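Peer 1: Please find one structure pasted underneath; my questions will follow.
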Amino acid sequence: MEPSRTPADDLPGDGGHTYRMPLPRLALTTGVSHGPLDGAWWPRCDALELELPSLVTALEPDRYTTVGVTVDAAQWPDAPHTVMAPGRVITVEPARSAGQEHVITLDCETVGRWVLLVVLPQEPADEASRLMSAAADPALHLDASALLAR
């Protein structure tokens, strides 16, 4: 019989501590998206530098690839220009054109482009769930503005 393990058994041998960000709250379209959105992301807080590493890791698994992110400047007014993540630096640019409100775009080197509706962190769970499901439904073929107006 194998002895039981505790979380402390998995700590590095030098006594250091590790922390893993929770998985991002994502709803993605199945297959190839042909709509204006590829799904939705519901961050837990509005600190992009804390939320972005786990989102990028979920969408671009290759740690040593280039990832560029475009964010809604009104939604993320204090967004940093770069975000450090394990094995990569993520470049962040504010959106420069209309129609990108409430959207984050991730340009990933190996998997392509993701366009996601950003559900506000303070959104009630039932409304967030509705928005995420609708954004991931390719049959609806709605952009972020149309989804938020429903």
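Chain identifiers are assigned as A, B, and so on, following the order in which chains appear in the structure tokens; residues are numbered from 1 within each chain, and ligands are numbered from 1 in order of appearance.
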Tell me, as a list in words, which residues lie within 7 Å of His102 in chain A, counting only C-alpha atoms; anything in the same chain fewer than 5 positions away does not count.
Peer 2: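 Those residues are Asp72, Gln75, Leu117, Val118 and Ala144 of chain A.
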Peer 1: Please return as a PyMOL selection string: the residues of chain A that backbone DSSP assigns to strand (DSSP E).
Peer 2: chain A and resi 26-28+39-41+67-71+82-85+88-94+103-108+112-118
Peer 1: Could you pull out the alpha helix (DSSP H) residues of chain A, going by DSSP on the backbone, and write them as a ChimeraX atom specification?
Peer 2: /A:48-59,125-135,144-149
Peer 1: Need the shell around His141 in chain A: protein/DNA/RNA residues with any atom at most 12 Å away, counting only C-alpha atoms. Skip same-chain ones fewer than 5 positions apart. Format as number ranges by chain?
Peer 2: A: 29, 33-39, 134-136, 146-147
Peer 1: For Ala128 in chain A, which residue out of A:Pro80, A:Leu148, A:Leu28, A:Val89 is the nearest one, using only C-alpha atoms?
Peer 2: A:Leu148
Peer 1: Of the candidates A:Ile90, A:Ala125, A:Met84, A:Val67, which shows the shortest atom-to-atom distance to Thr110 in chain A, using only C-alpha atoms?
Peer 2: A:Val67
